[in-house]
>>> print(open('input-v7.pdb').read())   # PDB, C-alpha atoms, pLDDT in the B column
ATOM      1  CA  MET A   1     -36.575 153.014-135.710  1.00 57.00           C
ATOM      2  CA  ARG A   2     -33.329 154.935-135.369  1.00 54.00           C
ATOM      3  CA  TYR A   3     -32.802 158.100-133.397  1.00 49.00           C
ATOM      4  CA  ILE A   4     -30.072 160.578-132.694  1.00 54.00           C
ATOM      5  CA  ILE A   5     -30.463 161.939-129.194  1.00 61.00           C
ATOM      6  CA  GLN A   6     -28.292 164.809-128.090  1.00 70.00           C
ATOM      7  CA  VAL A   7     -27.834 165.706-124.442  1.00 77.00           C
ATOM      8  CA  PHE A   8     -25.764 168.307-122.628  1.00 77.00           C
ATOM      9  CA  ALA A   9     -22.785 167.020-120.713  1.00 84.00           C
ATOM     10  CA  SER A  10     -19.479 168.152-119.299  1.00 88.00           C
ATOM     11  CA  ALA A  11     -16.306 166.171-119.774  1.00 90.00           C
ATOM     12  CA  PHE A  12     -12.583 166.069-119.279  1.00 93.00           C
ATOM     13  CA  LYS A  13      -9.784 163.956-120.660  1.00 95.00           C
ATOM     14  CA  ILE A  14      -8.408 161.631-117.985  1.00 97.00           C
ATOM     15  CA  GLY A  15      -4.743 162.332-117.264  1.00 97.00           C
ATOM     16  CA  ARG A  16      -4.289 159.989-114.293  1.00 97.00           C
ATOM     17  CA  ILE A  17      -6.290 157.387-112.372  1.00 97.00           C
ATOM     18  CA  GLU A  18      -5.291 156.827-108.766  1.00 96.00           C
ATOM     19  CA  ASN A  19      -6.687 154.009-106.631  1.00 94.00           C
ATOM     20  CA  ASN A  20      -7.219 155.286-103.093  1.00 87.00           C
ATOM     21  CA  GLY A  21      -8.507 152.140-101.371  1.00 86.00           C
ATOM     22  CA  ASP A  22     -12.287 152.564-101.270  1.00 84.00           C
ATOM     23  CA  HIS A  23     -12.499 154.620-104.442  1.00 94.00           C
ATOM     24  CA  CYS A  24     -10.514 155.930-107.375  1.00 96.00           C
ATOM     25  CA  ILE A  25      -9.600 159.505-108.197  1.00 97.00           C
ATOM     26  CA  LEU A  26      -9.691 160.710-111.798  1.00 97.00           C
ATOM     27  CA  TYR A  27      -7.369 163.627-112.533  1.00 97.00           C
ATOM     28  CA  PRO A  28      -7.892 165.635-115.714  1.00 96.00           C
ATOM     29  CA  ALA A  29      -5.181 166.077-118.309  1.00 95.00           C
ATOM     30  CA  GLY A  30      -4.197 169.653-119.124  1.00 87.00           C
ATOM     31  CA  ASP A  31      -6.240 172.673-118.103  1.00 83.00           C
ATOM     32  CA  ALA A  32      -9.649 171.679-116.806  1.00 81.00           C
ATOM     33  CA  PRO A  33     -12.043 173.646-114.606  1.00 84.00           C
ATOM     34  CA  ILE A  34     -12.125 170.721-112.153  1.00 87.00           C
ATOM     35  CA  GLU A  35      -9.262 169.384-110.008  1.00 94.00           C
ATOM     36  CA  PHE A  36     -10.370 165.748-109.703  1.00 95.00           C
ATOM     37  CA  VAL A  37     -13.398 163.453-109.449  1.00 95.00           C
ATOM     38  CA  TYR A  38     -14.005 160.556-107.084  1.00 95.00           C
ATOM     39  CA  VAL A  39     -15.500 157.399-108.580  1.00 96.00           C
ATOM     40  CA  SER A  40     -15.867 153.875-107.255  1.00 95.00           C
ATOM     41  CA  ASP A  41     -13.456 151.096-108.132  1.00 92.00           C
ATOM     42  CA  THR A  42     -16.476 149.374-109.665  1.00 93.00           C
ATOM     43  CA  TRP A  43     -17.097 152.365-111.953  1.00 95.00           C
ATOM     44  CA  VAL A  44     -13.525 152.161-113.258  1.00 95.00           C
ATOM     45  CA  MET A  45     -13.729 148.382-113.788  1.00 93.00           C
ATOM     46  CA  ASN A  46     -17.238 148.358-115.328  1.00 94.00           C
ATOM     47  CA  ASN A  47     -16.333 151.168-117.733  1.00 95.00           C
ATOM     48  CA  ASN A  48     -12.831 149.823-118.429  1.00 95.00           C
ATOM     49  CA  ALA A  49     -11.663 153.413-117.860  1.00 97.00           C
ATOM     50  CA  LYS A  50      -8.149 154.259-118.993  1.00 97.00           C
ATOM     51  CA  VAL A  51      -5.893 157.295-119.070  1.00 98.00           C
ATOM     52  CA  GLY A  52      -6.465 159.177-122.329  1.00 97.00           C
ATOM     53  CA  GLY A  53     -10.206 158.537-122.417  1.00 96.00           C
ATOM     54  CA  TYR A  54     -12.885 160.935-121.230  1.00 94.00           C
ATOM     55  CA  TYR A  55     -14.951 161.157-118.065  1.00 95.00           C
ATOM     56  CA  VAL A  56     -18.349 162.438-119.193  1.00 92.00           C
ATOM     57  CA  TYR A  57     -20.915 163.662-116.672  1.00 90.00           C
ATOM     58  CA  TYR A  58     -24.454 164.508-117.640  1.00 88.00           C
ATOM     59  CA  ASP A  59     -26.815 167.133-116.250  1.00 85.00           C
ATOM     60  CA  ASN A  60     -28.996 164.357-114.773  1.00 87.00           C
ATOM     61  CA  GLY A  61     -26.096 163.097-112.592  1.00 89.00           C
ATOM     62  CA  ASP A  62     -25.127 160.084-114.701  1.00 90.00           C
ATOM     63  CA  SER A  63     -21.555 159.593-115.843  1.00 92.00           C
ATOM     64  CA  GLU A  64     -19.704 157.369-118.257  1.00 93.00           C
ATOM     65  CA  TYR A  65     -16.266 156.679-119.662  1.00 95.00           C
ATOM     66  CA  VAL A  66     -15.773 157.274-123.378  1.00 93.00           C
ATOM     67  CA  THR A  67     -12.686 156.439-125.421  1.00 95.00           C
ATOM     68  CA  GLU A  68     -10.932 159.340-127.130  1.00 94.00           C
ATOM     69  CA  ASP A  69     -12.015 158.227-130.610  1.00 93.00           C
ATOM     70  CA  GLU A  70     -15.656 157.839-129.569  1.00 91.00           C
ATOM     71  CA  PHE A  71     -15.597 161.178-127.744  1.00 89.00           C
ATOM     72  CA  ASN A  72     -14.247 162.953-130.833  1.00 88.00           C
ATOM     73  CA  MET A  73     -17.062 161.452-132.934  1.00 87.00           C
ATOM     74  CA  ARG A  74     -19.868 162.247-130.461  1.00 83.00           C
ATOM     75  CA  ALA A  75     -18.930 165.518-128.801  1.00 82.00           C
ATOM     76  CA  THR A  76     -19.393 169.099-129.982  1.00 80.00           C
ATOM     77  CA  LEU A  77     -17.978 171.891-127.806  1.00 78.00           C
ATOM     78  CA  VAL A  78     -20.612 174.494-126.967  1.00 77.00           C
ATOM     79  CA  ASP A  79     -19.111 176.209-123.909  1.00 73.00           C
ATOM     80  CA  GLU A  80     -15.664 176.319-122.275  1.00 68.00           C
ATOM     81  CA  ASP A  81     -16.721 176.653-118.611  1.00 60.00           C
TER      82      ASP A  81
END
>>> encode(input="input-v7.pdb", output="structure tokens")
Amino acid sequence: MRYIIQVFASAFKIGRIENNGDHCILYPAGDAPIEFVYVSDTWVMNNNAKVGGYYVYYDNGDSEYVTEDEFNMRATLVDED
């Protein structure tokens, strides 16, 4: 069986990743309603996160890294908060 499951999420394009010892800081590119997000070094390594991709955070508290191409295929803007 195949399904398409849509969920609400917020996201920003990653403009810079800074390693700060115990964690990493993701800074958004351009105008975003958020200044930065702290994630673990493990999160960056496990997701192979890179500048230019997207940090996606879901209403249930989960987050993931998505490449720009994948984000453009999966995401539909519904609100510009």
>>> closest_residue(input="input-v7.pdb", among="A:Phe12, A:Cys24, A:Glu18, A:Glu35", to="Val66 of chain A", atoms="only C-alpha atoms")
A:Phe12
>>> residues_near_point(input="input-v7.pdb", point="(-5.5, 166.1, -122.1)", cutoff="9 Å", atoms="all atoms listed in the file", output="ChimeraX atom specification")
/A:12-15,28-32,52-53
>>> atom_distance(input="input-v7.pdb", atom1="atom CA of Tyr54 of chain A", atom2="atom CA of Phe71 of chain A")
7.1 Å
>>> closest_residue(input="input-v7.pdb", among="A:His23, A:Gly61, A:Val56, A:Thr67", to="Trp43 of chain A", atoms="only C-alpha atoms")
A:His23
>>> resolve_selection(input="input-v7.pdb", expression="the PyMOL selection byres ((chain A and resi 25) around 10)", output="PyMOL selection string")
chain A and resi 16-20+23-24+26-28+36-41+44
>>> atom_distance(input="input-v7.pdb", atom1="atom CA of Glu64 of chain A", atom2="atom CA of Asn48 of chain A")
10.2 Å
>>> axis_aligned_box(input="input-v7.pdb", around="segment 47-51 of chain A", padding_each_side="4 Å", output="JSON")
{"center_x": -11.1, "center_y": 153.6, "center_z": -118.4, "size_x": 18.4, "size_y": 15.5, "size_z": 9.3}
>>> atom_distance(input="input-v7.pdb", atom1="atom CA of Asp69 of chain A", atom2="atom CA of Thr42 of chain A")
23.2 Å
>>> residues_near_point(input="input-v7.pdb", point="(-17.9, 175.5, -124.3)", cutoff="12 Å", atoms="all atoms listed in the file", output="count of residues only")
14
>>> closest_residue(input="input-v7.pdb", among="A:Tyr65, A:Ile34, A:Tyr58, A:Val7", to="Asn46 of chain A", atoms="all atoms listed in the file")
A:Tyr65
>>> decode(input="input-v7.pdb", residues="segment 30-55 of chain A", atoms="N, CA and C atoms", output="PDB file, in the first residue's frame")
ATOM      1  N   GLY A  30      18.519  34.723   4.819  1.00  0.00           N
ATOM      2  CA  GLY A  30      17.484  35.700   4.482  1.00  0.00           C
ATOM      3  C   GLY A  30      16.620  36.075   5.661  1.00  0.00           C
ATOM      4  N   ASP A  31      15.424  36.535   5.361  1.00  0.00           N
ATOM      5  CA  ASP A  31      14.471  36.964   6.395  1.00  0.00           C
ATOM      6  C   ASP A  31      13.684  35.772   6.899  1.00  0.00           C
ATOM      7  N   ALA A  32      13.897  35.448   8.164  1.00  0.00           N
ATOM      8  CA  ALA A  32      13.146  34.360   8.792  1.00  0.00           C
ATOM      9  C   ALA A  32      12.625  34.870  10.133  1.00  0.00           C
ATOM     10  N   PRO A  33      11.501  34.352  10.589  1.00  0.00           N
ATOM     11  CA  PRO A  33      10.943  34.822  11.854  1.00  0.00           C
ATOM     12  C   PRO A  33      11.699  34.298  13.082  1.00  0.00           C
ATOM     13  N   ILE A  34      12.769  33.554  12.860  1.00  0.00           N
ATOM     14  CA  ILE A  34      13.550  32.984  13.954  1.00  0.00           C
ATOM     15  C   ILE A  34      15.007  33.387  13.766  1.00  0.00           C
ATOM     16  N   GLU A  35      15.712  33.678  14.877  1.00  0.00           N
ATOM     17  CA  GLU A  35      17.103  34.109  14.785  1.00  0.00           C
ATOM     18  C   GLU A  35      18.063  32.953  14.561  1.00  0.00           C
ATOM     19  N   PHE A  36      17.870  31.869  15.314  1.00  0.00           N
ATOM     20  CA  PHE A  36      18.741  30.694  15.228  1.00  0.00           C
ATOM     21  C   PHE A  36      18.083  29.539  15.957  1.00  0.00           C
ATOM     22  N   VAL A  37      18.641  28.334  15.751  1.00  0.00           N
ATOM     23  CA  VAL A  37      18.167  27.126  16.429  1.00  0.00           C
ATOM     24  C   VAL A  37      19.381  26.339  16.901  1.00  0.00           C
ATOM     25  N   TYR A  38      19.323  25.857  18.127  1.00  0.00           N
ATOM     26  CA  TYR A  38      20.360  24.972  18.644  1.00  0.00           C
ATOM     27  C   TYR A  38      20.005  23.533  18.313  1.00  0.00           C
ATOM     28  N   VAL A  39      20.978  22.785  17.816  1.00  0.00           N
ATOM     29  CA  VAL A  39      20.832  21.350  17.596  1.00  0.00           C
ATOM     30  C   VAL A  39      22.108  20.680  18.076  1.00  0.00           C
ATOM     31  N   SER A  40      22.053  19.392  18.274  1.00  0.00           N
ATOM     32  CA  SER A  40      23.250  18.666  18.716  1.00  0.00           C
ATOM     33  C   SER A  40      24.185  18.430  17.530  1.00  0.00           C
ATOM     34  N   ASP A  41      25.457  18.224  17.852  1.00  0.00           N
ATOM     35  CA  ASP A  41      26.414  17.839  16.816  1.00  0.00           C
ATOM     36  C   ASP A  41      25.959  16.560  16.126  1.00  0.00           C
ATOM     37  N   THR A  42      25.392  15.650  16.921  1.00  0.00           N
ATOM     38  CA  THR A  42      24.896  14.381  16.399  1.00  0.00           C
ATOM     39  C   THR A  42      23.786  14.607  15.383  1.00  0.00           C
ATOM     40  N   TRP A  43      22.894  15.560  15.656  1.00  0.00           N
ATOM     41  CA  TRP A  43      21.811  15.870  14.718  1.00  0.00           C
ATOM     42  C   TRP A  43      22.385  16.298  13.382  1.00  0.00           C
ATOM     43  N   VAL A  44      23.388  17.178  13.411  1.00  0.00           N
ATOM     44  CA  VAL A  44      24.009  17.653  12.169  1.00  0.00           C
ATOM     45  C   VAL A  44      24.661  16.497  11.423  1.00  0.00           C
ATOM     46  N   MET A  45      25.408  15.649  12.139  1.00  0.00           N
ATOM     47  CA  MET A  45      26.095  14.523  11.493  1.00  0.00           C
ATOM     48  C   MET A  45      25.113  13.482  10.973  1.00  0.00           C
ATOM     49  N   ASN A  46      24.122  13.101  11.778  1.00  0.00           N
ATOM     50  CA  ASN A  46      23.154  12.070  11.368  1.00  0.00           C
ATOM     51  C   ASN A  46      22.316  12.513  10.173  1.00  0.00           C
ATOM     52  N   ASN A  47      22.018  13.805  10.097  1.00  0.00           N
ATOM     53  CA  ASN A  47      21.212  14.332   9.000  1.00  0.00           C
ATOM     54  C   ASN A  47      22.056  14.813   7.826  1.00  0.00           C
ATOM     55  N   ASN A  48      23.385  14.807   7.999  1.00  0.00           N
ATOM     56  CA  ASN A  48      24.286  15.308   6.962  1.00  0.00           C
ATOM     57  C   ASN A  48      23.860  16.725   6.539  1.00  0.00           C
ATOM     58  N   ALA A  49      23.519  17.536   7.546  1.00  0.00           N
ATOM     59  CA  ALA A  49      23.006  18.888   7.303  1.00  0.00           C
ATOM     60  C   ALA A  49      24.074  19.785   6.691  1.00  0.00           C
ATOM     61  N   LYS A  50      23.645  20.570   5.723  1.00  0.00           N
ATOM     62  CA  LYS A  50      24.553  21.475   5.007  1.00  0.00           C
ATOM     63  C   LYS A  50      23.867  22.815   4.789  1.00  0.00           C
ATOM     64  N   VAL A  51      24.676  23.846   4.665  1.00  0.00           N
ATOM     65  CA  VAL A  51      24.174  25.173   4.308  1.00  0.00           C
ATOM     66  C   VAL A  51      23.457  25.059   2.971  1.00  0.00           C
ATOM     67  N   GLY A  52      22.297  25.702   2.863  1.00  0.00           N
ATOM     68  CA  GLY A  52      21.509  25.657   1.633  1.00  0.00           C
ATOM     69  C   GLY A  52      20.340  24.702   1.708  1.00  0.00           C
ATOM     70  N   GLY A  53      20.401  23.758   2.666  1.00  0.00           N
ATOM     71  CA  GLY A  53      19.273  22.863   2.896  1.00  0.00           C
ATOM     72  C   GLY A  53      18.309  23.497   3.874  1.00  0.00           C
ATOM     73  N   TYR A  54      17.308  22.757   4.289  1.00  0.00           N
ATOM     74  CA  TYR A  54      16.266  23.292   5.156  1.00  0.00           C
ATOM     75  C   TYR A  54      16.200  22.559   6.484  1.00  0.00           C
ATOM     76  N   TYR A  55      16.036  23.327   7.553  1.00  0.00           N
ATOM     77  CA  TYR A  55      15.718  22.794   8.869  1.00  0.00           C
ATOM     78  C   TYR A  55      14.194  22.805   8.960  1.00  0.00           C
TER      79      TYR A  55
END
